[in-house]
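K.L.:
Contents are mmCIF, C-alpha atoms; file name my_file-v8.cif:
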data_structure
loop_
_atom_site.label_atom_id
_atom_site.label_comp_id
_atom_site.auth_asym_id
_atom_site.auth_seq_id
_atom_site.Cartn_x
_atom_site.Cartn_y
_atom_site.Cartn_z
CA MET Y 1 11.92 5.37 -6.95
CA SER Y 2 8.49 6.00 -8.41
CA ASN Y 3 4.98 5.40 -7.10
CA LEU Y 4 1.77 3.96 -8.47
CA THR Y 5 -1.50 5.72 -7.88
CA SER Y 6 -2.14 2.79 -5.52
CA ASN Y 7 0.88 3.93 -3.47
CA ILE Y 8 3.13 0.91 -3.97
CA PRO Y 9 6.71 2.12 -4.41
CA ILE Y 10 8.47 0.88 -7.54
CA ILE Y 11 12.22 0.44 -7.26
CA SER Y 12 14.34 -0.33 -10.31
CA VAL Y 13 17.86 -1.69 -9.80
CA LYS Y 14 20.59 -2.70 -12.23
CA GLY Y 15 24.21 -3.79 -12.34
CA ASP Y 16 25.82 -6.84 -10.80
CA SER Y 17 24.10 -8.65 -7.94
CA TYR Y 18 25.83 -6.66 -5.17
CA SER Y 19 25.14 -3.33 -6.90
CA ARG Y 20 21.46 -4.17 -7.36
CA GLY Y 21 21.20 -5.10 -3.72
CA PHE Y 22 22.93 -1.92 -2.59
CA GLU Y 23 20.58 0.21 -4.72
CA LEU Y 24 17.57 -1.63 -3.33
CA GLY Y 25 18.79 -1.34 0.26
CA ARG Y 26 19.41 2.37 -0.06
CA ALA Y 27 16.11 3.11 -1.83
CA ALA Y 28 13.96 1.04 0.55
CA LYS Y 29 15.97 1.66 3.72
CA ASP Y 30 13.13 2.86 5.93
CA MET Y 31 10.82 0.01 4.92
CA ILE Y 32 13.58 -2.57 5.38
CA LEU Y 33 14.32 -1.22 8.86
CA ARG Y 34 10.63 -1.49 9.75
CA ASN Y 35 10.50 -5.07 8.47
CA VAL Y 36 13.59 -6.03 10.46
CA GLN Y 37 12.18 -4.44 13.60
CA TYR Y 38 8.79 -6.07 13.18
CA TYR Y 39 10.03 -9.60 12.55
CA PHE Y 40 12.49 -9.55 15.43
CA TYR Y 41 9.62 -8.39 17.64
CA LEU Y 42 7.46 -11.31 16.41
CA TRP Y 43 10.15 -13.91 17.00
CA SER Y 44 10.96 -12.55 20.44
CA THR Y 45 7.32 -12.28 21.52
CA TYR Y 46 5.88 -15.51 20.10
CA SER Y 47 8.81 -17.85 19.56
CA GLY Y 48 11.02 -17.00 22.52
CA MET Y 49 13.98 -16.15 20.27
CA ASP Y 50 15.84 -12.95 21.05
CA LYS Y 51 17.92 -11.15 18.45
CA SER Y 52 21.15 -12.92 19.30
CA ARG Y 53 19.45 -16.30 18.98
CA VAL Y 54 17.90 -15.43 15.61
CA ASN Y 55 21.23 -14.10 14.30
CA GLU Y 56 22.97 -17.26 15.48
CA LEU Y 57 20.40 -19.42 13.66
CA VAL Y 58 20.40 -17.49 10.39
CA SER Y 59 24.19 -17.25 10.18
CA LYS Y 60 24.07 -20.97 9.34
CA PHE Y 61 21.87 -20.20 6.32
CA ALA Y 62 24.50 -18.06 4.56
CA PRO Y 63 26.67 -20.92 3.25
CA VAL Y 64 23.54 -22.83 2.17
CA ILE Y 65 22.26 -19.84 0.20
CA GLU Y 66 25.70 -19.32 -1.34
CA LYS Y 67 25.86 -22.94 -2.44
CA TYR Y 68 22.38 -22.70 -3.98
CA ASP Y 69 22.97 -19.38 -5.75
CA SER Y 70 25.95 -17.22 -4.79
CA GLU Y 71 24.54 -14.18 -6.59
CA ILE Y 72 21.48 -14.15 -4.33
CA LEU Y 73 23.76 -14.02 -1.28
CA GLN Y 74 25.79 -11.23 -2.90
CA GLU Y 75 22.58 -9.28 -3.46
CA MET Y 76 21.67 -9.77 0.21
CA LYS Y 77 25.08 -8.35 1.16
CA GLY Y 78 24.37 -5.34 -1.02
CA VAL Y 79 20.94 -4.84 0.56
CA SER Y 80 22.43 -5.00 4.06
CA GLU Y 81 25.07 -2.37 3.29
CA GLY Y 82 22.67 -0.14 1.36
CA ALA Y 83 20.14 -0.21 4.20
CA GLY Y 84 22.72 0.00 6.96
CA VAL Y 85 21.75 -3.24 8.70
CA SER Y 86 23.65 -6.45 9.31
CA LEU Y 87 23.78 -9.28 6.80
CA GLU Y 88 22.28 -11.55 9.46
CA GLU Y 89 19.24 -9.27 9.70
CA ILE Y 90 18.70 -9.38 5.93
CA ILE Y 91 19.10 -13.16 5.86
CA ALA Y 92 16.63 -13.34 8.77
CA ILE Y 93 13.84 -11.52 6.95
CA ASN Y 94 14.54 -13.65 3.86
CA CYS Y 95 14.06 -16.64 6.19
CA ARG Y 96 10.91 -15.18 7.69
CA TYR Y 97 8.81 -17.93 6.06
CA GLU Y 98 10.77 -20.55 8.00
CA LEU Y 99 10.96 -18.52 11.21
CA VAL Y 100 7.28 -17.56 11.18
CA TRP Y 101 5.78 -20.84 9.97
CA ALA Y 102 8.13 -23.31 11.64
CA GLN Y 103 8.23 -21.46 14.96
CA MET Y 104 5.00 -19.43 15.23
CA GLN Y 105 2.52 -21.53 13.28
CA TYR Y 106 -0.56 -22.09 15.44
CA ASN Y 107 0.43 -20.16 18.54
CA SER Y 108 -2.69 -18.14 17.78
CA PRO Y 109 -5.38 -18.41 20.47
CA THR Y 110 -7.84 -19.56 17.79
CA GLY Y 111 -5.41 -21.64 15.74
CA GLN Y 112 -7.07 -20.45 12.53
CA ARG Y 113 -4.83 -19.16 9.76
CA TYR Y 114 -5.41 -18.26 6.15
CA GLU Y 115 -2.90 -17.22 3.57
CA CYS Y 116 -3.24 -16.86 -0.18
CA THR Y 117 -5.30 -18.15 -3.08
CA SER Y 118 -3.64 -18.73 -6.48
CA MET Y 119 -5.22 -19.58 -9.82
CA GLY Y 120 -4.28 -19.95 -13.45
CA ALA Y 121 -5.98 -20.18 -16.84
CA GLY Y 122 -4.45 -21.46 -20.07
CA PRO Y 123 -4.89 -19.92 -23.52
CA GLU Y 124 -7.58 -22.44 -24.51
CA VAL Y 125 -10.00 -20.91 -21.95
CA THR Y 126 -9.08 -17.21 -22.00
CA ALA Y 127 -10.71 -14.54 -24.13
CA LYS Y 128 -7.46 -13.43 -25.79
CA GLY Y 129 -5.75 -16.82 -25.90
CA HIS Y 130 -3.25 -15.65 -23.25
CA THR Y 131 -1.91 -17.41 -20.17
CA LEU Y 132 -3.16 -15.78 -16.97
CA LEU Y 133 -1.79 -16.33 -13.49
CA GLY Y 134 -3.02 -14.57 -10.36
CA GLN Y 135 -3.23 -14.61 -6.62
CA ASN Y 136 -4.44 -12.85 -3.52
CA TRP Y 137 -1.51 -12.64 -1.16
CA ASP Y 138 -2.97 -12.81 2.34
CA TYR Y 139 -0.68 -11.96 5.21
CA LYS Y 140 -0.23 -9.82 8.31
CA PRO Y 141 -1.62 -6.26 8.10
CA HIS Y 142 1.78 -4.88 9.10
CA ALA Y 143 3.21 -5.95 5.75
CA ARG Y 144 1.02 -3.69 3.62
CA LYS Y 145 2.95 -0.47 4.20
CA ASN Y 146 6.34 -2.14 3.82
CA CYS Y 147 5.88 -3.75 0.39
CA VAL Y 148 7.50 -2.67 -2.86
CA ILE Y 149 7.51 -3.60 -6.53
CA VAL Y 150 11.10 -4.34 -7.50
CA GLU Y 151 12.34 -4.31 -11.09
CA GLU Y 152 15.60 -6.27 -11.32
CA LEU Y 153 17.55 -5.62 -14.54
CA GLN Y 154 19.67 -8.77 -14.75
CA GLU Y 155 20.14 -9.35 -18.49
CA PRO Y 156 22.06 -10.62 -20.39
CA ASP Y 157 23.07 -13.26 -17.83
CA ARG Y 158 19.64 -13.81 -16.33
CA PRO Y 159 16.13 -12.68 -17.22
CA ASN Y 160 14.85 -9.37 -15.93
CA ILE Y 161 12.40 -9.73 -13.05
CA VAL Y 162 9.53 -7.70 -11.64
CA MET Y 163 8.15 -8.86 -8.29
CA HIS Y 164 5.91 -7.62 -5.50
CA THR Y 165 7.60 -8.31 -2.19
CA GLU Y 166 8.26 -7.15 1.34
CA ALA Y 167 11.15 -4.69 1.26
CA GLY Y 168 14.43 -6.57 1.69
CA ILE Y 169 13.06 -9.98 0.69
CA LEU Y 170 14.55 -11.00 -2.65
CA GLY Y 171 12.05 -13.59 -3.86
CA GLN Y 172 8.26 -13.39 -4.02
CA LYS Y 173 5.42 -13.51 -6.54
CA GLY Y 174 6.59 -12.10 -9.85
CA ILE Y 175 7.17 -12.34 -13.59
CA ASN Y 176 10.32 -12.36 -15.70
CA SER Y 177 11.32 -11.37 -19.23
CA ALA Y 178 11.19 -15.01 -20.35
CA GLY Y 179 7.44 -14.95 -19.76
CA ILE Y 180 7.58 -17.01 -16.55
CA GLY Y 181 5.24 -16.11 -13.70
CA VAL Y 182 5.32 -17.38 -10.12
CA THR Y 183 2.78 -17.20 -7.29
CA VAL Y 184 3.20 -18.59 -3.77
CA ASN Y 185 1.08 -20.25 -1.11
CA ALA Y 186 2.01 -21.35 2.38
CA LEU Y 187 1.84 -25.06 3.23
CA THR Y 188 2.83 -26.78 6.46
CA SER Y 189 3.32 -30.45 7.27
CA ASP Y 190 4.47 -32.66 10.09
CA GLN Y 191 7.88 -32.88 8.37
CA ASP Y 192 8.62 -29.16 8.66
CA LYS Y 193 11.40 -28.00 10.95
CA LEU Y 194 13.71 -25.07 11.42
CA SER Y 195 17.10 -26.02 10.05
CA PRO Y 196 19.68 -24.38 7.73
CA LYS Y 197 18.38 -25.36 4.31
CA VAL Y 198 17.54 -23.15 1.33
CA PRO Y 199 14.92 -20.58 2.47
CA PHE Y 200 11.58 -20.74 0.69
CA PHE Y 201 11.80 -17.19 -0.68
CA VAL Y 202 15.30 -17.87 -2.00
CA ILE Y 203 13.82 -20.85 -3.86
CA VAL Y 204 11.14 -18.57 -5.32
CA ARG Y 205 13.84 -16.21 -6.55
CA GLY Y 206 15.76 -19.15 -7.96
CA ALA Y 207 12.72 -20.08 -10.06
CA LEU Y 208 12.28 -16.50 -11.29
CA ASN Y 209 15.92 -16.45 -12.38
CA LYS Y 210 15.29 -19.12 -15.03
CA ARG Y 211 14.33 -18.79 -18.71
CA THR Y 212 12.41 -22.04 -19.18
CA LEU Y 213 9.62 -23.63 -17.18
CA ASP Y 214 11.47 -26.91 -16.64
CA GLN Y 215 14.51 -25.05 -15.29
CA ALA Y 216 12.29 -22.98 -13.00
CA MET Y 217 10.74 -26.20 -11.72
CA LEU Y 218 14.19 -27.70 -11.18
CA ALA Y 219 15.30 -24.63 -9.23
CA ALA Y 220 12.48 -25.35 -6.78
CA THR Y 221 12.54 -29.14 -6.63
CA SER Y 222 16.33 -29.60 -6.46
CA ALA Y 223 16.82 -27.21 -3.52
CA GLU Y 224 17.44 -28.66 -0.07
CA ARG Y 225 14.37 -27.69 1.95
CA ALA Y 226 13.40 -27.69 5.61
CA VAL Y 227 9.76 -26.64 5.27
CA SER Y 228 6.82 -27.12 2.94
CA GLY Y 229 5.56 -24.51 0.49
CA ASN Y 230 3.66 -24.11 -2.76
CA LEU Y 231 4.62 -22.49 -6.06
CA MET Y 232 2.34 -22.07 -9.03
CA LEU Y 233 4.51 -21.64 -12.13
CA ALA Y 234 3.48 -20.73 -15.65
CA GLN Y 235 5.10 -19.61 -18.88
CA GLU Y 236 3.81 -17.83 -21.95
CA GLY Y 237 2.53 -20.37 -24.43
CA GLY Y 238 0.12 -21.91 -21.99
CA GLU Y 239 1.95 -24.28 -19.66
CA ILE Y 240 1.05 -24.10 -15.96
CA VAL Y 241 2.13 -26.36 -13.10
CA ASP Y 242 1.65 -26.25 -9.36
CA LEU Y 243 4.42 -27.63 -7.15
CA GLU Y 244 3.64 -28.76 -3.61
CA LEU Y 245 7.03 -28.85 -1.92
CA THR Y 246 7.74 -30.88 1.20
CA PRO Y 247 11.14 -31.08 2.90
CA ASP Y 248 12.15 -34.27 1.09
CA ASP Y 249 9.88 -34.51 -1.96
CA PHE Y 250 7.27 -32.70 -4.04
CA GLY Y 251 3.94 -33.18 -5.75
CA SER Y 252 2.83 -31.72 -9.07
CA ILE Y 253 -0.61 -30.60 -10.21
CA PHE Y 254 -1.51 -29.62 -13.76
CA PRO Y 255 -4.56 -27.73 -15.02
CA GLN Y 256 -7.78 -29.57 -15.71
CA GLU Y 257 -9.35 -28.32 -18.96
CA GLY Y 258 -7.08 -25.29 -18.83
CA LEU Y 259 -7.87 -24.28 -15.23
CA ILE Y 260 -6.04 -24.62 -11.93
CA SER Y 261 -6.38 -23.21 -8.41
CA HIS Y 262 -4.58 -23.65 -5.11
CA ALA Y 263 -4.79 -22.32 -1.57
CA ASN Y 264 -3.07 -23.61 1.58
CA ASN Y 265 -3.73 -27.32 1.69
CA PHE Y 266 -2.04 -30.26 -0.02
CA ILE Y 267 -3.97 -31.65 -2.98
CA ASP Y 268 -1.63 -33.97 -4.89
CA PRO Y 269 -2.22 -37.60 -3.74
CA HIS Y 270 1.52 -38.21 -3.63
CA CYS Y 271 1.81 -35.58 -0.89
CA THR Y 272 -1.43 -36.26 0.96
CA SER Y 273 -0.43 -39.91 1.37
CA ARG Y 274 3.01 -39.06 2.76
CA VAL Y 275 2.60 -36.05 5.06
CA THR Y 276 0.12 -34.72 7.58
CA ASP Y 277 -1.35 -31.42 6.44
CA LYS Y 278 -1.07 -29.04 9.41
CA ILE Y 279 -3.28 -26.30 7.95
CA LYS Y 280 -6.21 -28.42 6.79
CA ALA Y 281 -7.27 -29.42 10.28
CA VAL Y 282 -7.46 -25.87 11.67
CA ASP Y 283 -8.37 -23.94 8.52
CA PRO Y 284 -10.95 -25.75 6.36
CA GLY Y 285 -11.51 -22.40 4.65
CA SER Y 286 -8.44 -23.15 2.55
CA LEU Y 287 -10.22 -26.15 1.05
CA ILE Y 288 -13.23 -23.98 0.25
CA ARG Y 289 -11.11 -21.27 -1.38
CA THR Y 290 -9.37 -23.84 -3.57
CA ASN Y 291 -12.64 -25.33 -4.77
CA ARG Y 292 -14.55 -22.05 -5.05
CA SER Y 293 -11.92 -20.25 -7.13
CA TYR Y 294 -11.83 -23.23 -9.49
CA ARG Y 295 -15.64 -23.33 -9.82
CA LEU Y 296 -15.82 -19.60 -10.46
CA LEU Y 297 -13.22 -19.99 -13.20
CA GLN Y 298 -15.17 -22.89 -14.71
CA LYS Y 299 -18.28 -20.72 -15.04
CA ARG Y 300 -16.30 -18.32 -17.25
CA ALA Y 301 -14.24 -20.88 -19.20
CA GLY Y 302 -13.73 -20.03 -22.85
CA LYS Y 303 -13.98 -16.30 -22.33
CA ILE Y 304 -11.87 -15.62 -19.22
CA ALA Y 305 -10.35 -12.13 -19.12
CA GLU Y 306 -8.38 -10.24 -16.51
CA LEU Y 307 -11.62 -8.66 -15.34
CA ASP Y 308 -12.93 -12.14 -14.53
CA PHE Y 309 -9.83 -12.84 -12.46
CA GLN Y 310 -10.44 -9.55 -10.65
CA GLU Y 311 -14.04 -10.43 -9.86
CA ILE Y 312 -13.08 -13.87 -8.54
CA LEU Y 313 -10.30 -12.39 -6.41
CA LYS Y 314 -12.90 -10.02 -4.87
CA ASP Y 315 -15.12 -12.93 -3.77
CA HIS Y 316 -16.37 -12.83 -0.17
CA PHE Y 317 -17.90 -16.28 0.32
CA GLY Y 318 -16.91 -17.37 3.84
CA TYR Y 319 -15.98 -13.81 4.90
CA PRO Y 320 -13.59 -12.92 6.50
CA ASN Y 321 -11.75 -16.13 5.60
CA SER Y 322 -12.68 -15.63 1.95
CA ILE Y 323 -10.73 -15.42 -1.30
CA CYS Y 324 -10.68 -11.67 -0.65
CA ALA Y 325 -9.50 -11.96 2.95
CA HIS Y 326 -10.25 -9.49 5.73
CA PRO Y 327 -9.00 -9.29 9.32
CA ASN Y 328 -10.86 -11.39 11.85
CA PRO Y 329 -11.74 -9.11 14.79
CA ASN Y 330 -11.61 -12.12 17.12
CA HIS Y 331 -7.87 -12.51 16.47
CA THR Y 332 -5.17 -10.43 18.08
CA PHE Y 333 -3.45 -8.03 15.66
CA ASP Y 334 -0.30 -10.11 15.21
CA PHE Y 335 -2.42 -13.09 14.16
CA GLN Y 336 -4.81 -11.26 11.89
CA GLU Y 337 -4.45 -11.64 8.16
CA GLU Y 338 -5.84 -9.77 5.17
CA THR Y 339 -5.27 -9.56 1.45
CA ILE Y 340 -2.16 -7.39 1.26
CA ALA Y 341 -2.03 -7.40 -2.52
CA SER Y 342 -3.97 -8.92 -5.39
CA VAL Y 343 -1.85 -9.62 -8.46
CA ILE Y 344 -2.63 -10.84 -12.00
CA PHE Y 345 0.03 -11.64 -14.61
CA ASP Y 346 -0.65 -11.78 -18.35
CA LEU Y 347 2.34 -13.80 -19.48
CA GLU Y 348 2.00 -13.09 -23.19
CA ASN Y 349 1.68 -9.33 -22.70
CA ARG Y 350 4.08 -9.43 -19.72
CA THR Y 351 1.79 -7.11 -17.78
CA ILE Y 352 1.10 -6.91 -14.07
CA THR Y 353 -2.29 -5.86 -12.77
CA ILE Y 354 -2.19 -5.17 -9.04
CA SER Y 355 -4.33 -3.94 -6.18
CA ARG Y 356 -2.76 -2.67 -2.96
CA GLY Y 357 -4.88 -4.26 -0.26
CA GLU Y 358 -8.21 -6.05 -0.51
CA PRO Y 359 -9.34 -5.82 -4.15
CA CYS Y 360 -12.97 -5.36 -3.14
CA CYS Y 361 -12.17 -1.82 -1.98
CA ASN Y 362 -8.87 -0.95 -3.67
CA PRO Y 363 -8.57 -0.38 -7.43
CA TYR Y 364 -6.46 -2.52 -9.72
CA LYS Y 365 -3.81 -0.85 -11.85
CA GLU Y 366 -2.09 -2.37 -14.87
CA ILE Y 367 1.67 -1.80 -15.13
CA ARG Y 368 3.97 -2.47 -18.07
CA PHE Y 369 7.72 -2.67 -17.78
CA GLU Y 370 9.81 -2.32 -20.90
CA SER Y 371 12.45 -4.58 -19.33
CA LEU Y 372 10.00 -7.51 -19.41
CA GLN Y 373 9.55 -7.26 -23.16
CA HIS Y 374 13.16 -8.36 -23.81
CA LYS Y 375 13.37 -12.00 -24.83
#
Mind turning this structure into structure tokens?
P.N.:
Amino acid sequence: MSNLTSNIPIISVKGDSYSRGFELGRAAKDMILRNVQYYFYLWSTYSGMDKSRVNELVSKFAPVIEKYDSEILQEMKGVSEGAGVSLEEIIAINCRYELVWAQMQYNSPTGQRYECTSMGAGPEVTAKGHTLLGQNWDYKPHARKNCVIVEELQEPDRPNIVMHTEAGILGQKGINSAGIGVTVNALTSDQDKLSPKVPFFVIVRGALNKRTLDQAMLAATSAERAVSGNLMLAQEGGEIVDLELTPDDFGSIFPQEGLISHANNFIDPHCTSRVTDKIKAVDPGSLIRTNRSYRLLQKRAGKIAELDFQEILKDHFGYPNSICAHPNPNHTFDFQEETIASVIFDLENRTITISRGEPCCNPYKEIRFESLQHK
């Protein structure tokens, strides 16, 4: 394990799926244990589900995950044994999107939530003619100290992957050696429910496991889903697409004049006409972040560089519910959110530029991984 100057641990794992998981579990054991403890506390306190109930629920996810991608389940088994926790506990934190959003969503006294702003720029509008993809990942303050950068050496069978994630969760925002990048945004609708379908973060990992953009899209859209969610996908060469997933369908959004942005509300007319957006009504700030990030990109179109992405991701309009998100002191700690990490991918250079915490007060650092340069 190595560390960035920004104090995000980097863990590199190799071998078959079980071996990679075991290495990851052993290297990140303390952080995984803290994540397990924290999420079981959340579910017990705010959703009325004790540990036995959560384990009973998530045990039904194992065969679904295995059917979707057996290697992902094998890696979870490795993580559980490496970290010395049960497989059910590892599956549970990989289902935390479902368990938090489907069970906890809007139990906050204020009802207001904000989580993540993504944006992309194609080569026709960037200074170097590269494809840029970035996001502020806004989530609970607890998560900051339990996040890692994981380098998964999967070739020759699958592309190598580098992702920023909560320790023990096997799919999150990242980039692979085929030049595919993925960012994520929470969405909720009136169709969402807690049932044993493919977990959202497993779907994200499924997309990162692919070598072509269409196959990454198919990995997301073909999965059986119980909740809504958003993925922004891009590949070197300039193609970018945003997928708004609902439990039984999906919408697609493509860049306008090379630019695209997304926060936590449905945009595609196909989705807005079919589902009720559960975030839009209580968090209009998501609509503002979507529009503002797009406008700020437009002002720089034709000469957009990573530094421009950084400046936009530091934006404080609407503070604290801004693109650069800060905790709202009126919310209890468990319902506060802040920018945990700000990430920018250059898909042609295969570089990751990342800030640990709010980018307005934490420096960005560019990282290169040799494993991502392999075609």
K.L.:
Determine, counting all atoms listed in the file, which protein, DNA and RNA residues have an atom within 10 Å of an atom of Met163 (chain Y); residues of the same chain fewer than 4 positions away are not included. Present the result as a PyMOL selection string.
P.N.:
chain Y and resi 10+148-152+170-176+181-183+205+208+352
K.L.:
Produce a file of the selected residues containing C-alpha atoms, as a PDB file, keeping the file's coordinate frame.
P.N.:
ATOM      1  CA  ILE Y  10       8.470   0.880  -7.540  1.00  0.00           C
ATOM      2  CA  VAL Y 148       7.500  -2.670  -2.860  1.00  0.00           C
ATOM      3  CA  ILE Y 149       7.510  -3.600  -6.530  1.00  0.00           C
ATOM      4  CA  VAL Y 150      11.100  -4.340  -7.500  1.00  0.00           C
ATOM      5  CA  GLU Y 151      12.340  -4.310 -11.090  1.00  0.00           C
ATOM      6  CA  GLU Y 152      15.600  -6.270 -11.320  1.00  0.00           C
ATOM      7  CA  LEU Y 170      14.550 -11.000  -2.650  1.00  0.00           C
ATOM      8  CA  GLY Y 171      12.050 -13.590  -3.860  1.00  0.00           C
ATOM      9  CA  GLN Y 172       8.260 -13.390  -4.020  1.00  0.00           C
ATOM     10  CA  LYS Y 173       5.420 -13.510  -6.540  1.00  0.00           C
ATOM     11  CA  GLY Y 174       6.590 -12.100  -9.850  1.00  0.00           C
ATOM     12  CA  ILE Y 175       7.170 -12.340 -13.590  1.00  0.00           C
ATOM     13  CA  ASN Y 176      10.320 -12.360 -15.700  1.00  0.00           C
ATOM     14  CA  GLY Y 181       5.240 -16.110 -13.700  1.00  0.00           C
ATOM     15  CA  VAL Y 182       5.320 -17.380 -10.120  1.00  0.00           C
ATOM     16  CA  THR Y 183       2.780 -17.200  -7.290  1.00  0.00           C
ATOM     17  CA  ARG Y 205      13.840 -16.210  -6.550  1.00  0.00           C
ATOM     18  CA  LEU Y 208      12.280 -16.500 -11.290  1.00  0.00           C
ATOM     19  CA  ILE Y 352       1.100  -6.910 -14.070  1.00  0.00           C
TER      20      ILE Y 352
END
K.L.:
Which residues fall under the PyMOL selection byres ((chain Y and resi 288) around 12) in this file, as a ChimeraX atom specification?
P.N.:
/Y:114,117,261-265,280,283-287,289-296,315-319,321-323
K.L.:
Next, write the just-selected residues to a file, as a JSON list (two decimals), in the frame of the given file, keeping C-alpha atoms as the atom set.
P.N.:
[["chain", "number", "residue", "atom", "x", "y", "z"],
["Y", 114, "TYR", "CA", -5.41, -18.26, 6.15],
["Y", 117, "THR", "CA", -5.30, -18.15, -3.08],
["Y", 261, "SER", "CA", -6.38, -23.21, -8.41],
["Y", 262, "HIS", "CA", -4.58, -23.65, -5.11],
["Y", 263, "ALA", "CA", -4.79, -22.32, -1.57],
["Y", 264, "ASN", "CA", -3.07, -23.61, 1.58],
["Y", 265, "ASN", "CA", -3.73, -27.32, 1.69],
["Y", 280, "LYS", "CA", -6.21, -28.42, 6.79],
["Y", 283, "ASP", "CA", -8.37, -23.94, 8.52],
["Y", 284, "PRO", "CA", -10.95, -25.75, 6.36],
["Y", 285, "GLY", "CA", -11.51, -22.40, 4.65],
["Y", 286, "SER", "CA", -8.44, -23.15, 2.55],
["Y", 287, "LEU", "CA", -10.22, -26.15, 1.05],
["Y", 289, "ARG", "CA", -11.11, -21.27, -1.38],
["Y", 290, "THR", "CA", -9.37, -23.84, -3.57],
["Y", 291, "ASN", "CA", -12.64, -25.33, -4.77],
["Y", 292, "ARG", "CA", -14.55, -22.05, -5.05],
["Y", 293, "SER", "CA", -11.92, -20.25, -7.13],
["Y", 294, "TYR", "CA", -11.83, -23.23, -9.49],
["Y", 295, "ARG", "CA", -15.64, -23.33, -9.82],
["Y", 296, "LEU", "CA", -15.82, -19.60, -10.46],
["Y", 315, "ASP", "CA", -15.12, -12.93, -3.77],
["Y", 316, "HIS", "CA", -16.37, -12.83, -0.17],
["Y", 317, "PHE", "CA", -17.90, -16.28, 0.32],
["Y", 318, "GLY", "CA", -16.91, -17.37, 3.84],
["Y", 319, "TYR", "CA", -15.98, -13.81, 4.90],
["Y", 321, "ASN", "CA", -11.75, -16.13, 5.60],
["Y", 322, "SER", "CA", -12.68, -15.63, 1.95],
["Y", 323, "ILE", "CA", -10.73, -15.42, -1.30]]
K.L.:
Would you tabulate, counting all atoms listed in the file, all residues of region 262-325 of chain Y that have an atom at most 8 Å from an atom of region 338-349 of chain Y, showing the closest pair of atoms and their distance in Å to one decimal, sorted by chain then ascending number, as JSON lines?
P.N.:
{"residue": "Y:Glu306", "atom": "CA", "partner": "Y:Ile344", "partner_atom": "CA", "distance": 7.3}
{"residue": "Y:Phe309", "atom": "CA", "partner": "Y:Ile344", "partner_atom": "CA", "distance": 7.5}
{"residue": "Y:Leu313", "atom": "CA", "partner": "Y:Ser342", "partner_atom": "CA", "distance": 7.3}
{"residue": "Y:Cys324", "atom": "CA", "partner": "Y:Thr339", "partner_atom": "CA", "distance": 6.2}
{"residue": "Y:Ala325", "atom": "CA", "partner": "Y:Glu338", "partner_atom": "CA", "distance": 4.8}
K.L.:
Go ahead and compute the interatomic distance for CA of Ser118 (chain Y) and CA of Gly134 (chain Y), in Å to one decimal.
P.N.:
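Distance between the two atoms: 5.7 Å.
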K.L.:
Evaluated on this file, the PyMOL selection byres ((chain Y and resi 245) around 12) picks out some residues - which ones are they, written as a PyMOL selection string?
P.N.:
chain Y and resi 184-189+191-192+200+203-204+217-232+242-244+246-253+264-268+270-272+274-275
K.L.:
Can you fill out region 322-333 of chain Y with N, CA and C atoms and hand it back as an mmCIF file, keeping the file's coordinate frame?
P.N.:
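Output (result.cif):
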data_model
loop_
_atom_site.group_PDB
_atom_site.id
_atom_site.type_symbol
_atom_site.label_atom_id
_atom_site.label_comp_id
_atom_site.auth_asym_id
_atom_site.auth_seq_id
_atom_site.Cartn_x
_atom_site.Cartn_y
_atom_site.Cartn_z
ATOM 1 N N SER Y 322 -12.191 -15.489 3.320
ATOM 2 C CA SER Y 322 -12.680 -15.630 1.950
ATOM 3 C C SER Y 322 -11.509 -15.458 0.987
ATOM 4 N N ILE Y 323 -11.786 -15.645 -0.304
ATOM 5 C CA ILE Y 323 -10.730 -15.420 -1.300
ATOM 6 C C ILE Y 323 -10.183 -14.009 -1.131
ATOM 7 N N CYS Y 324 -11.076 -13.022 -1.028
ATOM 8 C CA CYS Y 324 -10.680 -11.670 -0.650
ATOM 9 C C CYS Y 324 -10.731 -11.632 0.877
ATOM 10 N N ALA Y 325 -9.573 -11.740 1.499
ATOM 11 C CA ALA Y 325 -9.500 -11.960 2.950
ATOM 12 C C ALA Y 325 -9.501 -10.646 3.716
ATOM 13 N N HIS Y 326 -10.177 -10.667 4.859
ATOM 14 C CA HIS Y 326 -10.250 -9.490 5.730
ATOM 15 C C HIS Y 326 -9.883 -9.894 7.152
ATOM 16 N N PRO Y 327 -9.394 -8.953 7.949
ATOM 17 C CA PRO Y 327 -9.000 -9.290 9.320
ATOM 18 C C PRO Y 327 -10.156 -9.840 10.137
ATOM 19 N N ASN Y 328 -9.860 -10.828 10.940
ATOM 20 C CA ASN Y 328 -10.860 -11.390 11.850
ATOM 21 C C ASN Y 328 -10.767 -10.634 13.175
ATOM 22 N N PRO Y 329 -11.817 -9.915 13.564
ATOM 23 C CA PRO Y 329 -11.740 -9.110 14.790
ATOM 24 C C PRO Y 329 -11.556 -9.944 16.049
ATOM 25 N N ASN Y 330 -11.797 -11.249 15.961
ATOM 26 C CA ASN Y 330 -11.610 -12.120 17.120
ATOM 27 C C ASN Y 330 -10.148 -12.522 17.329
ATOM 28 N N HIS Y 331 -9.285 -12.184 16.362
ATOM 29 C CA HIS Y 331 -7.870 -12.510 16.470
ATOM 30 C C HIS Y 331 -7.100 -11.291 16.955
ATOM 31 N N THR Y 332 -6.054 -11.519 17.710
ATOM 32 C CA THR Y 332 -5.170 -10.430 18.080
ATOM 33 C C THR Y 332 -4.456 -9.917 16.825
ATOM 34 N N PHE Y 333 -3.988 -8.672 16.858
ATOM 35 C CA PHE Y 333 -3.450 -8.030 15.660
ATOM 36 C C PHE Y 333 -2.347 -8.840 15.012
#
